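This is coords03.txt (compact mmCIF, C-alpha atoms).
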# COMPACT_ATOMS: atom_id res chain seq x y z
CA MET M 2 0.00 0.00 0.00
CA LYS M 3 2.85 2.33 0.92
CA ASN M 4 4.55 1.67 -2.40
CA LEU M 5 1.28 2.36 -4.25
CA LYS M 6 0.90 5.74 -2.51
CA LEU M 7 4.46 6.67 -3.37
CA PHE M 8 3.83 5.69 -6.98
CA LEU M 9 0.67 7.85 -7.17
CA VAL M 10 2.47 10.84 -5.64
CA ALA M 11 5.28 10.42 -8.17
CA VAL M 12 2.77 10.30 -11.04
CA MET M 13 1.03 13.46 -9.77
CA LEU M 14 4.32 15.32 -9.46
CA MET M 15 5.43 14.24 -12.91
CA THR M 16 2.06 15.26 -14.38
CA GLY M 17 2.29 18.63 -12.69
CA PHE M 18 5.77 19.27 -14.00
CA SER M 19 4.61 18.17 -17.47
CA VAL M 20 1.72 20.66 -17.41
CA LEU M 21 4.04 23.47 -16.31
CA ALA M 22 6.52 22.60 -19.04
CA GLN M 23 3.79 22.77 -21.70
CA VAL M 24 2.64 26.32 -20.93
CA LYS M 25 2.86 28.21 -24.22
CA THR M 26 4.04 31.77 -24.64
CA PRO M 27 2.33 34.36 -26.89
CA LYS M 28 5.04 33.72 -29.47
CA ASP M 29 4.03 30.05 -29.49
CA LEU M 30 0.33 30.86 -29.77
CA TYR M 31 0.83 33.64 -32.35
CA PRO M 32 3.75 32.34 -34.45
CA ASN M 33 3.44 34.75 -37.40
CA PRO M 34 4.87 38.21 -36.68
CA MET M 35 4.32 41.30 -38.82
CA GLY M 36 6.40 43.89 -37.06
CA ASN M 37 5.20 44.11 -33.45
CA LEU M 38 1.84 42.53 -34.24
CA ARG M 39 1.62 38.74 -34.14
CA PHE M 40 -0.98 36.50 -35.80
CA ILE M 41 -2.01 32.86 -35.49
CA SER M 42 -2.17 32.96 -39.29
CA PRO M 43 -1.82 35.86 -41.75
CA GLN M 44 -4.58 34.32 -43.89
CA VAL M 45 -8.34 33.96 -43.47
CA ASN M 46 -9.56 30.74 -45.11
CA LEU M 47 -13.35 30.86 -45.46
CA GLN M 48 -13.47 27.53 -47.34
CA ASN M 49 -16.84 26.87 -49.05
CA VAL M 50 -19.37 29.71 -49.16
CA ASN M 51 -22.71 29.52 -50.98
CA ASN M 52 -23.07 32.12 -53.74
CA THR M 53 -26.06 33.68 -51.95
CA ASP M 54 -24.51 33.74 -48.45
CA THR M 55 -22.40 36.00 -46.25
CA LYS M 56 -19.73 34.43 -44.06
CA THR M 57 -17.76 35.85 -41.13
CA ASP M 58 -14.47 34.71 -39.62
CA THR M 59 -11.80 36.14 -37.35
CA LEU M 60 -8.11 36.95 -37.76
CA LYS M 61 -6.65 36.55 -34.26
CA MET M 62 -3.79 38.83 -33.25
CA TYR M 63 -1.56 39.81 -30.31
CA ASN M 64 0.18 43.12 -29.57
CA ASP M 65 3.82 42.30 -28.83
CA TRP M 66 4.73 45.99 -28.48
CA ASN M 67 5.15 48.31 -25.51
CA LYS M 68 2.62 50.81 -26.92
CA ASN M 69 -1.04 50.79 -27.87
CA MET M 70 -1.55 49.70 -31.46
CA THR M 71 -4.26 51.30 -33.59
CA PHE M 72 -5.83 49.99 -36.82
CA THR M 73 -7.33 51.30 -40.03
CA PHE M 74 -8.02 49.33 -43.22
CA SER M 75 -7.51 50.01 -46.91
CA LYS M 76 -7.75 48.31 -50.33
CA LEU M 77 -11.09 46.74 -49.41
CA PRO M 78 -13.52 45.67 -52.16
CA ASP M 79 -17.20 46.34 -51.53
CA TYR M 80 -17.93 42.66 -50.77
CA ILE M 81 -15.51 42.53 -47.82
CA THR M 82 -15.94 44.42 -44.54
CA VAL M 83 -13.51 44.30 -41.61
CA LYS M 84 -13.47 45.57 -38.06
CA ALA M 85 -10.76 45.49 -35.36
CA VAL M 86 -11.88 44.28 -31.93
CA PRO M 87 -10.87 46.18 -29.85
CA GLU M 88 -10.17 49.24 -32.00
CA SER M 89 -6.94 49.85 -30.09
CA LEU M 90 -4.83 46.98 -28.76
CA LYS M 91 -2.94 47.53 -25.51
CA PRO M 92 0.57 46.08 -24.94
CA GLY M 93 0.32 42.32 -24.36
CA GLN M 94 -3.39 42.29 -25.28
CA LYS M 95 -5.12 39.80 -27.56
CA GLY M 96 -7.66 40.86 -30.17
CA TYR M 97 -9.00 39.97 -33.58
CA VAL M 98 -10.08 41.38 -36.91
CA LEU M 99 -13.65 40.49 -37.81
CA VAL M 100 -13.82 39.68 -41.54
CA THR M 101 -17.18 39.48 -43.33
CA TYR M 102 -17.38 38.23 -46.93
CA ASN M 103 -20.49 38.78 -49.07
CA ALA M 104 -20.46 36.12 -51.81
CA GLN M 105 -23.59 37.50 -53.47
CA LYS M 106 -21.86 40.86 -54.01
CA ARG M 107 -18.74 39.05 -55.25
CA ASN M 108 -20.92 37.54 -57.99
CA ASP M 109 -18.43 34.89 -59.05
CA TYR M 110 -17.72 31.17 -58.61
CA GLY M 111 -14.82 28.94 -57.66
CA TYR M 112 -11.66 29.63 -55.68
CA MET M 113 -11.01 33.33 -55.01
CA TYR M 114 -8.14 35.20 -53.39
CA ASP M 115 -8.34 38.74 -52.06
CA ARG M 116 -5.99 40.94 -50.07
CA PHE M 117 -6.45 43.92 -47.81
CA THR M 118 -4.05 46.10 -45.85
CA ILE M 119 -4.05 46.72 -42.11
CA GLN M 120 -2.53 50.13 -41.45
CA THR M 121 -1.13 50.60 -37.94
CA ASN M 122 1.11 52.92 -35.91
CA ASP M 123 3.63 50.08 -35.57
CA SER M 124 7.16 51.50 -35.78
CA LEU M 125 8.57 48.28 -37.28
CA GLN M 126 6.00 47.52 -39.99
CA PRO M 127 3.10 49.97 -40.27
CA GLU M 128 1.34 48.15 -43.13
CA LYS M 129 0.37 44.47 -42.88
CA THR M 130 -1.13 42.51 -45.77
CA VAL M 131 -3.75 39.84 -45.12
CA THR M 132 -4.98 37.25 -47.63
CA ILE M 133 -8.55 35.94 -47.81
CA SER M 134 -9.28 32.69 -49.64
CA VAL M 135 -12.75 31.36 -50.42
CA ASN M 136 -14.44 28.79 -52.64
CA ILE M 137 -17.78 30.16 -53.83
CA VAL M 138 -20.22 27.39 -54.70
CA GLU M 139 -23.75 27.43 -56.02
CA ASP M 140 -26.42 26.80 -53.38
CA PHE M 141 -28.46 23.74 -54.30
CA SER M 142 -29.73 23.11 -50.77
CA LYS M 143 -33.19 24.57 -51.45
CA LEU M 144 -33.93 22.38 -54.46
CA THR M 145 -36.77 19.91 -54.01
CA PRO M 146 -36.35 16.18 -54.82
CA GLU M 147 -38.32 16.77 -58.00
CA GLN M 148 -36.09 19.67 -59.04
CA LEU M 149 -32.99 17.57 -58.40
CA LEU M 150 -34.44 14.77 -60.50
CA ASN M 151 -35.03 17.21 -63.37
CA ALA M 152 -31.73 19.07 -62.99
CA PRO M 153 -29.13 19.50 -65.74
CA LYS M 154 -26.23 17.04 -65.84
CA ILE M 155 -22.86 17.51 -67.53
CA LYS M 156 -21.02 14.55 -69.04
CA PHE M 157 -17.66 14.66 -70.82
CA GLU M 158 -17.05 12.21 -73.64
CA ASN M 159 -13.42 11.92 -72.53
CA PRO M 160 -12.39 13.81 -69.37
CA THR M 161 -8.65 13.12 -69.88
CA TYR M 162 -6.41 13.85 -72.84
CA ASP M 163 -2.80 12.64 -73.09
CA PHE M 164 -0.88 14.73 -75.62
CA GLY M 165 2.14 12.40 -75.51
CA THR M 166 5.47 14.21 -75.83
CA ILE M 167 6.01 17.77 -77.04
CA LYS M 168 9.00 20.10 -77.12
CA GLN M 169 9.31 22.88 -74.56
CA GLY M 170 7.62 26.00 -75.93
CA ASP M 171 5.08 24.09 -78.02
CA LYS M 172 1.36 24.08 -77.29
CA ALA M 173 -0.92 21.08 -76.83
CA GLU M 174 -4.56 21.62 -77.78
CA TYR M 175 -7.66 19.47 -77.47
CA ASP M 176 -11.44 19.80 -77.75
CA PHE M 177 -13.22 18.19 -74.81
CA VAL M 178 -16.72 17.24 -75.96
CA PHE M 179 -19.49 17.38 -73.36
CA THR M 180 -23.24 16.77 -73.33
CA ASN M 181 -26.12 17.85 -71.15
CA VAL M 182 -27.60 14.45 -70.24
CA GLY M 183 -29.96 16.03 -67.70
CA LYS M 184 -33.54 17.25 -68.02
CA SER M 185 -33.16 21.03 -67.91
CA GLU M 186 -30.85 23.73 -69.28
CA LEU M 187 -27.17 23.38 -68.44
CA ILE M 188 -25.37 26.66 -67.73
CA ILE M 189 -21.56 26.92 -67.75
CA ARG M 190 -20.81 29.54 -65.12
CA LYS M 191 -17.04 29.66 -65.43
CA THR M 192 -13.92 27.75 -66.52
CA LYS M 193 -10.57 28.02 -64.78
CA GLY M 194 -7.23 26.31 -65.39
CA SER M 195 -5.10 24.96 -62.57
CA CYS M 196 -2.35 27.36 -63.68
CA GLY M 197 -1.88 30.25 -66.08
CA CYS M 198 -0.41 27.91 -68.70
CA THR M 199 -3.74 26.13 -69.24
CA VAL M 200 -6.85 27.80 -70.66
CA GLY M 201 -10.28 26.30 -71.37
CA THR M 202 -12.75 28.06 -73.68
CA PRO M 203 -16.25 26.59 -74.05
CA GLU M 204 -17.93 26.86 -77.43
CA LYS M 205 -21.31 27.41 -75.75
CA SER M 206 -22.34 28.34 -72.22
CA ASN M 207 -25.98 27.22 -72.37
CA LEU M 208 -27.02 23.73 -73.46
CA MET M 209 -30.52 22.34 -73.63
CA PRO M 210 -31.19 18.69 -72.62
CA GLY M 211 -29.47 16.30 -75.03
CA GLU M 212 -27.36 19.05 -76.59
CA SER M 213 -23.57 18.68 -76.99
CA SER M 214 -20.77 21.18 -77.29
CA LYS M 215 -17.01 21.34 -76.80
CA MET M 216 -14.42 23.16 -74.73
CA HIS M 217 -11.13 24.02 -76.41
CA VAL M 218 -8.23 23.58 -73.98
CA THR M 219 -4.73 24.88 -74.66
CA PHE M 220 -1.63 23.96 -72.65
CA ASN M 221 1.40 26.21 -73.16
CA SER M 222 4.60 24.34 -72.34
CA ALA M 223 6.85 27.41 -72.20
CA GLY M 224 9.05 27.11 -69.12
CA LYS M 225 7.79 23.59 -68.36
CA SER M 226 9.71 20.31 -68.39
CA GLY M 227 9.08 16.66 -67.63
CA GLU M 228 5.73 15.05 -66.87
CA GLN M 229 2.82 17.52 -66.79
CA SER M 230 -0.76 17.16 -65.63
CA LYS M 231 -3.01 20.22 -65.72
CA THR M 232 -6.72 20.55 -65.09
CA VAL M 233 -9.55 22.85 -66.10
CA THR M 234 -12.47 23.19 -63.70
CA VAL M 235 -15.87 23.78 -65.27
CA THR M 236 -18.26 25.45 -62.85
CA CYS M 237 -21.86 24.77 -63.85
CA ASN M 238 -25.40 24.39 -62.50
CA ASP M 239 -25.28 20.59 -62.29
CA PRO M 240 -26.06 19.85 -58.62
CA SER M 241 -24.25 16.50 -58.79
CA ASN M 242 -21.10 17.88 -60.44
CA ALA M 243 -20.98 21.64 -60.03
CA ALA M 244 -17.18 21.70 -60.39
CA ALA M 245 -16.58 19.26 -63.25
CA MET M 246 -12.93 18.73 -64.14
CA VAL M 247 -10.98 17.70 -67.23
CA THR M 248 -7.27 16.86 -67.41
CA ILE M 249 -4.66 17.45 -70.09
CA LYS M 250 -1.35 15.70 -69.54
CA GLY M 251 1.84 14.53 -71.18
CA LYS M 252 5.60 15.05 -71.24
CA VAL M 253 7.57 18.17 -72.13
CA GLU M 254 11.07 17.65 -73.50
CA VAL M 255 13.73 20.31 -73.04
CA PRO M 256 15.97 20.82 -76.10
CA ALA M 257 19.61 19.89 -75.58
CA PRO M 258 21.78 22.96 -74.80
CA THR M 259 23.97 24.30 -77.57
CA GLN M 260 27.51 25.50 -76.94
CA GLU M 261 28.07 29.09 -77.92
CA GLY M 262 31.19 29.92 -79.80
CA THR M 263 31.52 26.48 -81.41
CA PRO M 264 32.69 27.04 -84.99
CA THR M 265 30.37 25.91 -87.73
CA PRO M 266 31.90 23.01 -89.64
CA THR M 267 33.07 23.83 -93.17
CA PRO M 268 31.00 21.88 -95.63
CA THR M 269 32.92 19.34 -97.64
CA HIS M 270 32.46 18.74 -101.31

Turn the structure described in the file into structure tokens.
Amino acid sequence: MKNLKLFLVAVMLMTGFSVLAQVKTPKDLYPNPMGNLRFISPQVNLQNVNNTDTKTDTLKMYNDWNKNMTFTFSKLPDYITVKAVPESLKPGQKGYVLVTYNAQKRNDYGYMYDRFTIQTNDSLQPEKTVTISVNIVEDFSKLTPEQLLNAPKIKFENPTYDFGTIKQGDKAEYDFVFTNVGKSELIIRKTKGSCGCTVGTPEKSNLMPGESSKMHVTFNSAGKSGEQSKTVTVTCNDPSNAAAMVTIKGKVEVPAPTQEGTPTPTPTH
């Protein structure tokens, strides 16, 4: 019994020391400094937001300065509003920036990135840039079972195209054929490539049931090398596949380097 009590006391002491050792400092809790202002993250990720909704999130911050820090905001589009809470942050005080995003005013679809500037009286870095990321999706939640049954439906004849091997600087092009196999009008809201080197241009944006069309995709291999796989996302009003995706892939060969200054051989007769 005595040994058991000693064991329990030892465990309690060790647990206590462990808890004390794990106490985190403000620098641990707010690991991203911008001058004397520290953030948990310099980015607000709103994730999925319905195109008719407004979403609010917070950017948590800590004043690591020996003076009060004040805030004003600039470079704000009309669909984003921000507010500092509190309006002035005392030394060693925690606060946050309240960020509200109006997707209906944004009037767009897919992944979006915006930036705004926090202007402060910070002597080290007065201006601090914050990034907002969001994926705006169409709201199908209010559709009835009957409406879903009669909804449009996009189907690609071949969602992947392998262009084989091309030389660096060449372009690979392909027409992805798609059909509206649903029961109401299909509307292509937007197309977006996974990088600036890949562009998708639909022939038509509105397709009636049973109608087919094509999307011309171009991959520019300038500056690329090796195996490549790029996608184009097609945002549409198909509730079952609102972000349809096609892939164009292949290999880009880099030409062998030429030695400058090598004399041109004299032709022989």

| Using only C-alpha atoms: which of M:Thr59, M:Thr121, M:Gln169, M:Asn49 has the shortest distance to M:Val253 |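 Using only C-alpha atoms, M:Val253 sits closest to M:Gln169.
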
| request: Tell me, in Å to one decimal, how far atom CA of M:Glu147 is from atom CA of M:Lys184. | output: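 Taking atom CA of M:Glu147 and atom CA of M:Lys184, their separation equals 11.1 Å.
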
| message | Please determine, counting only C-alpha atoms, which residue among M:Asp239, M:Asn136, M:Thr232, M:Asn67 has the shortest atom-to-atom distance to M:Asn46. | response | M:Asn136

| query | What would the list of residues within 9 Å of (-17.8, 25.7, -52.8) (file frame) look like as a list in words, if only C-alpha atoms are what count? | reply | Gln48, Asn49, Val50, Asn51, Asn52, Tyr110, Gly111, Tyr112, Val135, Asn136, Ile137, Val138, Glu139, Asp140, Ala243 and Ala244 of chain M

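Distance check against M:Met113 using all atoms listed in the file: of M:Lys68, M:Ile167, M:Thr101, M:Leu47, the minimum falls on M:Leu47.
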
| field | Selected residue of minimal separation from M:Asn242 among M:Glu174, M:Ala152, M:Ser222, M:Thr202, counting only C-alpha atoms | value |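 Answer, going by the shortest atom-to-atom distance: M:Ala152.
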
| query | atom CA of M:Thr71 to atom CA of M:Pro87: how many Å, to one decimal? | reply |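 Here the two named atoms are 9.2 Å from each other.
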
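The space separating atom CA of M:Arg116 from atom CA of M:Ile133 comes to 6.1 Å.
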
| message | Report as a ChimeraX atom specification all protein, DNA and RNA residues lying within 10 Å of M:Thr192, evaluated on all atoms listed in the file, omitting residues in the same chain fewer than 4 positions from it. | response | /M:110-111,200-203,216,233-237,244-246

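Selecting by distance to (-26.5, 19.4, -66.6) with a limit of 10 Å and using all atoms listed in the file, one obtains M:Asn151, M:Ala152, M:Pro153, M:Lys154, M:Ile155, M:Lys156, M:Phe179, M:Thr180, M:Asn181, M:Val182, M:Gly183, M:Lys184, M:Ser185, M:Glu186, M:Leu187, M:Ile188, M:Ile189, M:Asn207, M:Leu208, M:Met209, M:Pro210, M:Gly211, M:Cys237, M:Asn238, M:Asp239, M:Pro240, M:Ser241, M:Asn242, M:Ala243.
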
Taking all atoms of stretch 201-215 of chain M that the file lists and extending 6 Å past them on each side, where is the centre of the axis-aligned box and how long are its edges? Answer in Å to one decimal, as lines of an AutoDock Vina configuration file.
center_x = -20.7
center_y = 22.3
center_z = -74.4
size_x = 32.9
size_y = 24.0
size_z = 18.1

| Within 10 Å of M:Lys231, counting only C-alpha atoms, which residues qualify if same-chain residues fewer than 5 places away don't, as a list of chain:residue names? | M:Thr161, M:Gly194, M:Ser195, M:Cys196, M:Cys198, M:Thr199, M:Val200, M:Phe220, M:Val247, M:Thr248, M:Ile249, M:Lys250, M:Gly251

| remark: From the list M:Asp54, M:Ser75, M:Lys191, M:Asp123, the nearest residue to M:Ser206 using all atoms listed in the file is M:Lys191

| query | From the list M:Lys56, M:Gln148, M:Ile119, M:Lys252, which residue is nearest M:Asn103 when using all atoms listed in the file? | reply |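 Among the listed residues, the smallest separation from M:Asn103 belongs to M:Lys56.
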
| request: Please identify all polymer residues within 9 Å of stretch 23-28 of chain M, counting all atoms listed in the file, omitting same-chain residues fewer than 5 positions from it, and present them as a count of residues only. | output: 7
